[in-house]
>>> print(open('target_24.txt').read())   # compact mmCIF, C-alpha atoms (C1' of nucleotides)
# COMPACT_ATOMS: atom_id res chain seq x y z
CA MET I 1 35.98 104.65 115.44
CA ALA I 2 38.09 107.70 115.01
CA ARG I 3 39.88 109.06 117.98
CA TRP I 4 38.20 112.45 117.57
CA GLU I 5 34.99 113.55 115.96
CA PRO I 6 35.67 114.98 112.51
CA ASP I 7 35.33 118.64 111.48
CA ALA I 8 36.36 120.32 114.70
CA GLU I 9 36.57 123.61 112.81
CA GLY I 10 32.97 123.44 111.65
CA ARG I 11 31.78 122.53 115.13
CA LEU I 12 33.68 125.48 116.57
CA ARG I 13 32.09 127.85 114.06
CA ASP I 14 28.60 126.54 114.79
CA ALA I 15 29.14 126.66 118.53
CA ALA I 16 30.41 130.22 118.32
CA MET I 17 27.46 131.44 116.25
CA ALA I 18 25.03 129.79 118.63
CA LEU I 19 26.63 131.15 121.79
CA PHE I 20 27.16 134.64 120.39
CA THR I 21 23.49 134.70 119.45
CA GLU I 22 22.36 133.42 122.85
CA ARG I 23 24.47 135.53 125.19
CA GLY I 24 26.39 137.94 123.00
CA TYR I 25 30.04 138.05 122.03
CA ASP I 26 31.47 139.54 125.22
CA ALA I 27 29.66 137.16 127.52
CA THR I 28 31.02 134.16 125.62
CA THR I 29 34.53 132.91 126.40
CA VAL I 30 36.71 130.87 124.09
CA GLY I 31 36.47 128.13 126.69
CA ASP I 32 32.67 128.10 126.34
CA ILE I 33 32.89 127.73 122.58
CA ALA I 34 35.49 124.99 122.79
CA GLU I 35 33.50 123.13 125.41
CA ARG I 36 30.35 123.13 123.32
CA ALA I 37 32.37 121.95 120.33
CA GLY I 38 33.92 119.18 122.41
CA VAL I 39 37.53 120.36 122.26
CA THR I 40 39.82 122.45 124.45
CA ALA I 41 40.42 126.16 124.22
CA ARG I 42 43.93 125.50 122.97
CA THR I 43 42.49 123.73 119.95
CA PHE I 44 40.30 126.73 119.18
CA PHE I 45 43.41 128.83 118.68
CA ARG I 46 44.86 126.25 116.34
CA TYR I 47 41.99 126.89 113.93
CA PHE I 48 41.41 130.60 114.49
CA ALA I 49 44.00 133.27 115.10
CA ASP I 50 41.78 134.92 117.69
CA LYS I 51 38.28 134.86 119.13
CA ARG I 52 36.84 137.13 116.45
CA GLU I 53 38.17 135.24 113.48
CA VAL I 54 35.76 132.36 114.05
CA LEU I 55 33.05 134.48 112.41
CA PHE I 56 35.10 135.47 109.36
CA ALA I 57 35.99 132.18 107.75
CA GLY I 58 34.53 132.92 104.31
CA SER I 59 36.06 136.32 103.74
CA ASP I 60 38.97 134.98 101.74
CA ASP I 61 36.56 133.30 99.36
CA LEU I 62 34.59 136.51 98.99
CA GLU I 63 37.74 138.39 98.08
CA ARG I 64 38.81 135.80 95.52
CA LEU I 65 35.35 135.83 93.97
CA MET I 66 35.30 139.59 93.58
CA VAL I 67 38.81 139.83 92.21
CA THR I 68 38.02 137.12 89.69
CA GLY I 69 34.84 138.93 88.67
CA LEU I 70 36.71 142.20 88.26
CA THR I 71 39.49 140.64 86.24
CA ALA I 72 36.97 138.94 83.97
CA ALA I 73 35.32 142.23 83.04
CA PRO I 74 35.78 143.15 79.35
CA ALA I 75 38.83 145.28 78.57
CA SER I 76 36.51 148.01 77.31
CA ALA I 77 34.98 148.45 80.77
CA GLY I 78 36.06 151.52 82.74
CA PRO I 79 37.48 151.24 86.28
CA MET I 80 34.15 151.70 87.98
CA GLN I 81 32.42 149.26 85.65
CA ALA I 82 35.08 146.67 86.34
CA VAL I 83 34.68 147.16 90.08
CA ALA I 84 30.93 146.80 89.63
CA ALA I 85 31.46 143.46 87.89
CA GLY I 86 33.57 142.30 90.83
CA LEU I 87 31.01 143.38 93.40
CA CYS I 88 28.21 141.65 91.56
CA ALA I 89 30.17 138.39 91.39
CA SER I 90 29.71 138.14 95.14
CA GLY I 91 26.05 137.38 94.59
CA GLU I 92 26.93 133.79 93.79
CA MET I 93 28.41 133.22 97.23
CA PHE I 94 25.39 134.52 99.12
CA ALA I 95 22.63 133.05 96.98
CA GLY I 96 20.22 131.17 99.22
CA ARG I 97 22.05 132.26 102.36
CA ARG I 98 20.27 135.48 103.08
CA ASP I 99 18.91 134.17 106.34
CA PHE I 100 22.26 133.02 107.65
CA ALA I 101 23.77 136.31 106.50
CA ARG I 102 21.18 138.23 108.47
CA ARG I 103 21.79 136.31 111.66
CA ARG I 104 25.53 136.71 111.33
CA GLN I 105 25.11 140.40 110.55
CA ALA I 106 23.09 140.86 113.72
CA VAL I 107 25.81 139.30 115.82
CA VAL I 108 28.52 141.42 114.23
CA ALA I 109 26.50 144.60 114.51
CA ALA I 110 25.99 144.03 118.23
CA SER I 111 29.69 143.95 119.06
CA PRO I 112 32.14 146.80 118.43
CA VAL I 113 35.13 144.49 118.26
CA LEU I 114 33.43 142.33 115.66
CA ARG I 115 32.56 145.43 113.67
CA GLU I 116 36.21 146.36 113.74
CA ARG I 117 37.16 143.01 112.29
CA GLU I 118 34.47 143.29 109.63
CA LEU I 119 35.77 146.69 108.64
CA ILE I 120 39.33 145.53 108.20
CA LYS I 121 38.11 142.69 106.04
CA MET I 122 36.36 145.26 103.87
CA ALA I 123 39.52 147.35 103.75
CA THR I 124 41.56 144.33 102.72
CA LEU I 125 38.99 143.74 100.03
CA ALA I 126 39.38 147.31 98.81
CA THR I 127 43.12 146.84 98.55
CA ALA I 128 42.69 143.63 96.60
CA LEU I 129 40.28 145.30 94.18
CA SER I 130 42.60 148.25 93.81
CA ASP I 131 45.51 145.94 92.98
CA ALA I 132 43.40 144.08 90.44
CA LEU I 133 42.51 147.38 88.79
CA ARG I 134 46.16 148.37 88.57
CA ASP I 135 46.83 145.06 86.86
CA ARG I 136 44.42 146.26 84.19
CA GLY I 137 46.51 149.37 83.70
CA VAL I 138 44.47 151.76 85.84
CA ALA I 139 46.50 154.51 87.50
CA ALA I 140 47.16 153.91 91.19
CA GLU I 141 45.24 156.92 92.51
CA VAL I 142 42.22 156.24 90.37
CA ALA I 143 42.34 152.55 91.28
CA SER I 144 42.29 153.12 95.02
CA LEU I 145 39.52 155.68 94.78
CA ALA I 146 37.38 153.39 92.62
CA ALA I 147 38.01 150.45 94.93
CA GLU I 148 37.26 152.36 98.13
CA THR I 149 34.10 153.77 96.64
CA GLY I 150 33.11 150.37 95.34
CA VAL I 151 33.47 148.80 98.74
CA ALA I 152 31.43 151.59 100.29
CA VAL I 153 28.72 150.83 97.75
CA PHE I 154 28.94 147.13 98.53
CA ARG I 155 28.49 147.77 102.24
CA VAL I 156 25.38 149.82 101.65
CA ALA I 157 24.04 147.30 99.11
CA PHE I 158 24.67 144.35 101.40
CA GLU I 159 22.86 146.12 104.19
CA ARG I 160 19.91 146.81 101.92
CA TRP I 161 19.90 143.22 100.64
CA VAL I 162 20.02 141.66 104.08
CA THR I 163 17.22 143.77 105.50
CA ASP I 164 14.83 143.14 102.62
CA PRO I 165 14.01 139.41 102.79
CA GLY I 166 11.84 139.30 99.69
CA GLY I 167 13.91 141.74 97.65
CA PRO I 168 16.02 141.15 94.53
CA ASP I 169 19.27 139.20 94.66
CA LEU I 170 22.49 140.77 95.84
CA ALA I 171 23.92 141.50 92.38
CA GLU I 172 20.76 143.37 91.47
CA VAL I 173 20.88 145.44 94.66
CA VAL I 174 24.52 146.30 93.97
CA ARG I 175 23.58 147.57 90.52
CA THR I 176 20.75 149.66 91.93
CA THR I 177 23.02 151.15 94.59
CA LEU I 178 25.66 152.04 92.01
CA ALA I 179 23.01 153.81 89.97
CA ASP I 180 21.96 155.74 93.05
CA LEU I 181 25.54 156.83 93.55
CA ALA I 182 25.83 157.98 89.94
CA ASP I 183 22.75 160.14 90.47
CA LEU I 184 24.29 161.57 93.61
CA THR I 185 27.82 162.53 92.68
CA PRO I 186 27.27 165.13 89.93
CA GLY I 187 25.07 167.14 92.31
CA MET N 1 54.12 170.59 145.60
CA ALA N 2 51.39 168.51 144.06
CA ARG N 3 51.11 164.94 145.06
CA TRP N 4 51.25 163.83 141.41
CA GLU N 5 52.69 165.41 138.32
CA PRO N 6 49.92 167.05 136.28
CA ASP N 7 48.62 165.85 132.91
CA ALA N 8 49.01 162.12 133.31
CA GLU N 9 46.91 161.65 130.20
CA GLY N 10 49.23 163.72 128.04
CA ARG N 11 52.27 161.91 129.42
CA LEU N 12 50.67 158.57 128.65
CA ARG N 13 49.95 159.63 125.07
CA ASP N 14 53.49 160.85 124.54
CA ALA N 15 55.00 157.75 126.11
CA ALA N 16 52.85 155.52 123.94
CA MET N 17 53.76 157.31 120.71
CA ALA N 18 57.43 157.15 121.60
CA LEU N 19 57.43 153.47 122.53
CA PHE N 20 55.26 152.41 119.60
CA THR N 21 57.68 154.20 117.31
CA GLU N 22 60.73 152.67 118.96
CA ARG N 23 59.69 149.05 119.29
CA GLY N 24 56.31 148.78 117.62
CA TYR N 25 52.84 148.36 119.07
CA ASP N 26 52.94 144.65 119.84
CA ALA N 27 56.28 144.76 121.59
CA THR N 28 55.06 147.52 123.92
CA THR N 29 53.02 146.60 126.98
CA VAL N 30 50.64 148.85 128.82
CA GLY N 31 53.00 148.47 131.77
CA ASP N 32 55.85 149.90 129.70
CA ILE N 33 53.79 152.92 128.72
CA ALA N 34 52.60 153.54 132.26
CA GLU N 35 56.11 153.19 133.66
CA ARG N 36 57.54 155.74 131.24
CA ALA N 37 54.69 158.10 132.10
CA GLY N 38 55.33 157.60 135.82
CA VAL N 39 52.00 155.98 136.70
CA THR N 40 50.71 152.44 137.11
CA ALA N 41 49.06 150.31 134.44
CA ARG N 42 45.76 150.61 136.30
CA THR N 43 45.86 154.35 135.80
CA PHE N 44 46.36 153.89 132.07
CA PHE N 45 43.02 152.11 131.87
CA ARG N 46 41.34 154.94 133.74
CA TYR N 47 42.20 157.30 130.88
CA PHE N 48 41.91 154.93 127.94
CA ALA N 49 39.38 152.15 127.47
CA ASP N 50 42.06 149.89 126.00
CA LYS N 51 45.63 149.91 124.76
CA ARG N 52 44.73 151.07 121.24
CA GLU N 53 42.65 154.01 122.33
CA VAL N 54 45.70 155.95 123.50
CA LEU N 55 46.38 156.83 119.85
CA PHE N 56 42.84 158.00 119.07
CA ALA N 57 42.26 160.81 121.51
CA GLY N 58 41.36 163.48 118.94
CA SER N 59 38.82 161.53 116.94
CA ASP N 60 35.85 162.94 118.83
CA ASP N 61 37.02 166.44 118.00
CA LEU N 62 37.39 165.52 114.37
CA GLU N 63 33.87 164.20 114.27
CA ARG N 64 32.44 167.29 115.93
CA LEU N 65 34.32 169.53 113.53
CA MET N 66 33.02 167.73 110.47
CA VAL N 67 29.44 167.56 111.68
CA THR N 68 29.53 171.27 112.45
CA GLY N 69 30.95 171.99 109.00
CA LEU N 70 28.25 169.90 107.35
CA THR N 71 25.46 171.48 109.32
CA ALA N 72 26.73 174.96 108.50
CA ALA N 73 26.54 174.34 104.74
CA PRO N 74 23.90 176.50 103.01
CA ALA N 75 20.46 174.93 102.74
CA SER N 76 20.77 175.09 98.97
CA ALA N 77 23.70 172.66 99.00
CA GLY N 78 22.99 169.07 97.91
CA PRO N 79 23.87 166.09 100.14
CA MET N 80 27.27 165.55 98.58
CA GLN N 81 28.12 169.25 98.72
CA ALA N 82 27.18 169.35 102.38
CA VAL N 83 29.35 166.34 103.09
CA ALA N 84 32.17 168.04 101.21
CA ALA N 85 31.82 171.09 103.45
CA GLY N 86 32.09 168.83 106.50
CA LEU N 87 35.17 167.04 105.23
CA CYS N 88 36.92 170.29 104.41
CA ALA N 89 36.25 171.64 107.88
CA SER N 90 38.71 169.06 109.17
CA GLY N 91 41.55 171.02 107.60
CA GLU N 92 41.49 173.39 110.54
CA MET N 93 42.33 170.61 112.99
CA PHE N 94 45.34 169.36 111.07
CA ALA N 95 46.82 172.67 109.96
CA GLY N 96 50.49 172.72 110.95
CA ARG N 97 50.39 169.13 112.18
CA ARG N 98 51.21 167.32 109.00
CA ASP N 99 54.43 165.99 110.46
CA PHE N 100 52.82 164.59 113.58
CA ALA N 101 50.03 163.14 111.45
CA ARG N 102 52.57 161.35 109.30
CA ARG N 103 54.38 159.81 112.25
CA ARG N 104 51.13 158.68 113.79
CA GLN N 105 49.96 157.34 110.47
CA ALA N 106 53.12 155.24 110.19
CA VAL N 107 52.53 153.68 113.59
CA VAL N 108 48.91 152.88 112.82
CA ALA N 109 49.74 151.47 109.39
CA ALA N 110 52.28 149.11 110.92
CA SER N 111 49.81 147.38 113.21
CA PRO N 112 46.68 145.51 112.08
CA VAL N 113 44.88 146.05 115.38
CA LEU N 114 45.48 149.79 115.18
CA ARG N 115 44.24 149.81 111.61
CA GLU N 116 41.08 148.13 112.84
CA ARG N 117 40.55 150.84 115.38
CA GLU N 118 41.18 153.55 112.81
CA LEU N 119 38.60 152.00 110.53
CA ILE N 120 35.90 151.90 113.15
CA LYS N 121 36.57 155.54 113.93
CA MET N 122 36.00 156.31 110.27
CA ALA N 123 32.81 154.25 110.29
CA THR N 124 31.56 156.11 113.34
CA LEU N 125 32.33 159.31 111.49
CA ALA N 126 30.28 158.12 108.53
CA THR N 127 27.34 157.42 110.81
CA ALA N 128 27.60 160.87 112.36
CA LEU N 129 27.70 162.53 108.95
CA SER N 130 24.76 160.44 107.79
CA ASP N 131 22.74 161.47 110.83
CA ALA N 132 23.59 165.10 110.24
CA LEU N 133 22.40 164.79 106.65
CA ARG N 134 19.12 163.30 107.77
CA ASP N 135 18.66 166.26 110.08
CA ARG N 136 18.76 168.38 106.94
CA GLY N 137 15.92 166.35 105.49
CA VAL N 138 17.97 164.00 103.31
CA ALA N 139 16.44 160.54 102.87
CA ALA N 140 18.07 157.84 104.95
CA GLU N 141 19.39 155.73 102.09
CA VAL N 142 20.82 158.69 100.25
CA ALA N 143 22.32 160.02 103.45
CA SER N 144 24.21 156.85 104.30
CA LEU N 145 25.49 156.46 100.78
CA ALA N 146 26.70 160.05 100.62
CA ALA N 147 28.33 159.74 104.04
CA GLU N 148 30.07 156.44 103.29
CA THR N 149 31.32 157.77 100.00
CA GLY N 150 32.43 160.99 101.63
CA VAL N 151 34.47 159.14 104.23
CA ALA N 152 36.06 157.00 101.53
CA VAL N 153 37.06 160.22 99.79
CA PHE N 154 38.42 161.62 103.04
CA ARG N 155 40.58 158.57 103.60
CA VAL N 156 42.08 158.81 100.16
CA ALA N 157 42.54 162.56 100.50
CA PHE N 158 44.17 162.28 103.93
CA GLU N 159 46.57 159.70 102.57
CA ARG N 160 47.47 161.98 99.68
CA TRP N 161 47.89 164.97 101.99
CA VAL N 162 50.09 163.15 104.47
CA THR N 163 52.43 161.73 101.86
CA ASP N 164 52.98 165.04 100.07
CA PRO N 165 54.82 167.26 102.55
CA GLY N 166 54.91 170.37 100.39
CA GLY N 167 51.44 169.92 98.90
CA PRO N 168 48.30 172.01 99.37
CA ASP N 169 46.39 172.02 102.64
CA LEU N 170 43.99 169.25 103.54
CA ALA N 171 40.80 171.04 102.54
CA GLU N 172 42.24 171.65 99.10
CA VAL N 173 43.23 168.00 98.68
CA VAL N 174 39.73 166.95 99.72
CA ARG N 175 38.24 169.18 97.03
CA THR N 176 40.58 167.77 94.40
CA THR N 177 39.77 164.20 95.40
CA LEU N 178 36.05 164.88 95.22
CA ALA N 179 36.50 166.28 91.73
CA ASP N 180 38.39 163.12 90.76
CA LEU N 181 35.49 161.03 92.02
CA ALA N 182 32.98 163.07 90.03
CA ASP N 183 35.05 162.40 86.90
CA LEU N 184 35.06 158.71 87.70
CA THR N 185 31.48 157.82 88.53
CA PRO N 186 29.62 158.65 85.31
CA GLY N 187 32.01 156.39 83.37
C1' DA L 1 40.35 171.93 162.01
C1' DG L 2 37.71 168.50 159.84
C1' DG L 3 35.18 166.30 156.29
C1' DG L 4 34.55 165.71 151.32
C1' DT L 5 36.64 165.08 146.69
C1' DG L 6 39.32 163.22 143.20
C1' DA L 7 43.36 161.19 141.26
C1' DT L 8 46.15 157.48 142.06
C1' DG L 9 47.90 153.04 144.04
C1' DT L 10 47.30 148.14 145.48
C1' DC L 11 45.39 143.75 145.13
C1' DA L 12 42.80 140.07 143.18
C1' DC L 13 40.90 138.00 139.34
C1' DA L 14 39.05 136.26 134.74
C1' DC L 15 40.08 136.03 130.10
C1' DC L 16 43.07 136.08 125.86
C1' DA L 17 46.84 134.20 123.37
C1' DT L 18 50.98 131.40 122.67
C1' DG L 19 55.04 128.24 123.35
C1' DA L 20 56.65 123.69 124.75
C1' DC L 21 55.88 119.18 125.23
C1' DA L 22 52.98 114.80 125.75
C1' DT L 23 49.54 111.64 123.89
C1' DC L 24 47.62 108.43 120.82
C1' DA L 25 44.74 106.88 116.62
C1' DC L 26 46.01 106.25 112.10
C1' DT L 27 49.18 105.10 108.08
C1' DG L 28 52.54 102.87 105.34
C1' DG L 29 56.69 100.05 104.81
C1' DG L 30 59.31 96.11 106.13
C1' DC O 1 52.30 91.76 112.16
C1' DC O 2 54.89 95.23 114.06
C1' DC O 3 56.88 99.60 114.37
C1' DA O 4 58.36 104.40 113.26
C1' DG O 5 56.37 108.52 111.56
C1' DT O 6 52.52 111.81 111.20
C1' DG O 7 49.05 114.78 112.64
C1' DA O 8 45.31 116.32 115.53
C1' DT O 9 44.54 117.05 120.10
C1' DG O 10 45.42 117.61 125.19
C1' DT O 11 48.09 119.50 129.16
C1' DC O 12 50.80 122.79 131.42
C1' DA O 13 52.94 127.15 132.08
C1' DT O 14 53.28 131.95 131.23
C1' DG O 15 52.77 136.89 129.94
C1' DG O 16 49.66 140.44 128.69
C1' DT O 17 44.85 142.62 128.81
C1' DG O 18 41.14 144.63 131.17
C1' DT O 19 38.13 145.34 135.43
C1' DG O 20 36.16 145.50 140.17
C1' DA O 21 36.87 146.68 145.01
C1' DC O 22 39.01 149.16 148.22
C1' DA O 23 42.83 152.10 150.35
C1' DT O 24 45.47 156.36 150.30
C1' DC O 25 46.42 161.11 150.62
C1' DA O 26 47.09 166.03 148.81
C1' DC O 27 43.90 169.53 148.05
C1' DC O 28 39.70 172.36 148.71
C1' DC O 29 35.83 174.19 151.08
C1' DT O 30 33.47 175.57 154.94
>>> encode(input="target_24.txt", output="structure tokens")
Amino acid sequence: MARWEPDAEGRLRDAAMALFTERGYDATTVGDIAERAGVTARTFFRYFADKREVLFAGSDDLERLMVTGLTAAPASAGPMQAVAAGLCASGEMFAGRRDFARRRQAVVAASPVLRERELIKMATLATALSDALRDRGVAAEVASLAAETGVAVFRVAFERWVTDPGGPDLAEVVRTTLADLADLTPG
Amino acid sequence: MARWEPDAEGRLRDAAMALFTERGYDATTVGDIAERAGVTARTFFRYFADKREVLFAGSDDLERLMVTGLTAAPASAGPMQAVAAGLCASGEMFAGRRDFARRRQAVVAASPVLRERELIKMATLATALSDALRDRGVAAEVASLAAETGVAVFRVAFERWVTDPGGPDLAEVVRTTLADLADLTPG
DNA sequence: AGGGTGATGTCACACCATGACATCACTGGG
DNA sequence: CCCAGTGATGTCATGGTGTGACATCACCCT
């Protein structure tokens, strides 16, 4: 028998989601989470830089996925089309996880400090997309504008996707939202 | 003679800006700020909800200004045009303060936790603009998209404005950035 | 003159986050 | 078979953050 149960990180994530859902983020201490996961608070901070980070484990993967999708877009695609390809690539990661995404979204939405963390993840994403565009030869100012706008679209699309249980998959919603934006901007 | 020097809040803001500039945000404690301002740490928290907030005093004014500008747009203006009017209204608040804005921007950019706070202020702004659009009869989904996009434009425009000391005023930069976006989205 | 008001101080406390060091199952070489 | 090294975890100590409860005292009003 192992000295410790395996996958402490996973247990900490599960415990955190459960407790945040039950009592809310503020009313949950790191000690509570660690206790439910069967470790000490000190161990929590070995896996997560701070209390919030426990809910944002997959964000690096999301970023990689989108950047890869953007980079894979055909050379003939314009900046916004390339960004669109990146955004749509995220669909893969969330397929079949709409329910989990909704529960997590509810927790984040209920806590200002978690919303802050979510926002900076989105901003980091925008920077990554902007850099990837520049690698394709897009001018810096155009790249950052396209990336920022793209992330704004993604936020709206994700919100739409998560609140419409029977609706189309995420990539489809992203495409629809982009079309809506195109209708909007000339006027 | 008064028992306490007047304008403790202003002194706290000044002390914070000075110390954050000198040693950085993380290396500055609330106690340091309070000491330089001639009050106790407990008093700091009576004026500001937390350590970050000391740098975000004017954000309520900014929001009010933009919402007023949006609401004042002619009824014939489309959603995006109304948002544009709101964004441009902010120019008034920053006129003649480009230098201060740049110094503040440098402090915020240097600290992840301050960037988080900045982002949530922008998100709050987007919500306020979206609500104002809905009051004009704009559909909810269109309103949020226009507001999110508008705030993305504002961020880019503010960045351009702050980094170009001799450039045109903020409202002008906002208009230019919006035009850039219009060029971008059809393609 | 006396009571109310409001800004501040003082004290106590829980939580967050991190450094330093100890513990002990597991692993691989001799 | 044993033993030194490794790595995940625990334990302890500490500094900073944020808040509640209550005391203080110049100022204002009547």
>>> atom_distance(input="target_24.txt", atom1="atom CA of I:Val153", atom2="atom CA of N:Ala123")
13.6 Å
>>> atom_distance(input="target_24.txt", atom1="atom CA of N:Leu65", atom2="atom CA of N:Glu92")
8.7 Å
>>> closest_atom_pairs(input="target_24.txt", of="chain L", to="chain N", cutoff="9 Å", atoms="all atoms listed in the file", output="tab-separated table")
residue	atom	partner	partner_atom	distance
L:DA7	C1'	N:Trp4	CA	8.3
L:DT8	C1'	N:Thr43	CA	7.0
L:DG9	C1'	N:Thr40	CA	7.5
>>> atom_distance(input="target_24.txt", atom1="atom CA of I:Ala132", atom2="atom CA of I:Val162")
27.2 Å
>>> closest_atom_pairs(input="target_24.txt", of="chain N", to="chain O", cutoff="12 Å", atoms="only C-alpha atoms (C1' of nucleotides)", output="CSV")
residue,atom,partner,partner_atom,distance
N:Met1,CA,O:DA26,C1',9.0
N:Ala2,CA,O:DA26,C1',6.9
N:Arg3,CA,O:DA26,C1',5.6
N:Trp4,CA,O:DA26,C1',8.8
N:Glu5,CA,O:DA26,C1',11.9
N:Asp26,CA,O:DG16,C1',10.3
N:Ala27,CA,O:DG16,C1',10.6
N:Thr28,CA,O:DG16,C1',10.1
N:Thr29,CA,O:DG16,C1',7.2
N:Val30,CA,O:DG16,C1',8.5
N:Gly31,CA,O:DG16,C1',9.2
N:Asp32,CA,O:DG16,C1',11.4
N:Ala41,CA,O:DG18,C1',10.3
N:Arg42,CA,O:DG18,C1',9.1
N:Thr43,CA,O:DG18,C1',11.8
N:Phe44,CA,O:DG18,C1',10.7
N:Phe45,CA,O:DG18,C1',7.7
N:Arg46,CA,O:DT19,C1',10.3
N:Phe48,CA,O:DG18,C1',10.8
N:Ala49,CA,O:DG18,C1',8.6
N:Asp50,CA,O:DG18,C1',7.4
N:Lys51,CA,O:DT17,C1',8.4
N:Arg52,CA,O:DT17,C1',11.3
>>> write_last_selection(input="target_24.txt", atoms="C-alpha atoms", output="JSON list (two decimals), in the frame of the given file")
[["chain", "number", "residue", "atom", "x", "y", "z"],
["N", 1, "MET", "CA", 54.12, 170.59, 145.60],
["N", 2, "ALA", "CA", 51.39, 168.51, 144.06],
["N", 3, "ARG", "CA", 51.11, 164.94, 145.06],
["N", 4, "TRP", "CA", 51.25, 163.83, 141.41],
["N", 5, "GLU", "CA", 52.69, 165.41, 138.32],
["N", 26, "ASP", "CA", 52.94, 144.65, 119.84],
["N", 27, "ALA", "CA", 56.28, 144.76, 121.59],
["N", 28, "THR", "CA", 55.06, 147.52, 123.92],
["N", 29, "THR", "CA", 53.02, 146.60, 126.98],
["N", 30, "VAL", "CA", 50.64, 148.85, 128.82],
["N", 31, "GLY", "CA", 53.00, 148.47, 131.77],
["N", 32, "ASP", "CA", 55.85, 149.90, 129.70],
["N", 41, "ALA", "CA", 49.06, 150.31, 134.44],
["N", 42, "ARG", "CA", 45.76, 150.61, 136.30],
["N", 43, "THR", "CA", 45.86, 154.35, 135.80],
["N", 44, "PHE", "CA", 46.36, 153.89, 132.07],
["N", 45, "PHE", "CA", 43.02, 152.11, 131.87],
["N", 46, "ARG", "CA", 41.34, 154.94, 133.74],
["N", 48, "PHE", "CA", 41.91, 154.93, 127.94],
["N", 49, "ALA", "CA", 39.38, 152.15, 127.47],
["N", 50, "ASP", "CA", 42.06, 149.89, 126.00],
["N", 51, "LYS", "CA", 45.63, 149.91, 124.76],
["N", 52, "ARG", "CA", 44.73, 151.07, 121.24]]
>>> residues_around(input="target_24.txt", residues="I:Leu145", least_positions_apart="4", cutoff="9 Å", atoms="all atoms listed in the file", output="count of residues only")
12
>>> closest_residue(input="target_24.txt", among="I:Met17, I:Ala101, I:Met80, I:Met93", to="chain N", atoms="all atoms listed in the file")
I:Met80
>>> closest_residue(input="target_24.txt", among="N:Gln81, N:Asp131, N:Ala95, N:Leu170", to="chain I", atoms="all atoms listed in the file")
N:Gln81
>>> axis_aligned_box(input="target_24.txt", around="stretch 103-122 of chain N", padding_each_side="5 Å", output="lines of an AutoDock Vina configuration file")
center_x = 45.1
center_y = 152.7
center_z = 112.4
size_x = 28.5
size_y = 24.3
size_z = 16.0
>>> residues_around(input="target_24.txt", residues="N:Ala89", least_positions_apart="2", cutoff="12 Å", atoms="all atoms listed in the file", output="MDAnalysis selection string")
chainID N and resid 61:73 82:87 91:95 154 169:172 174:175
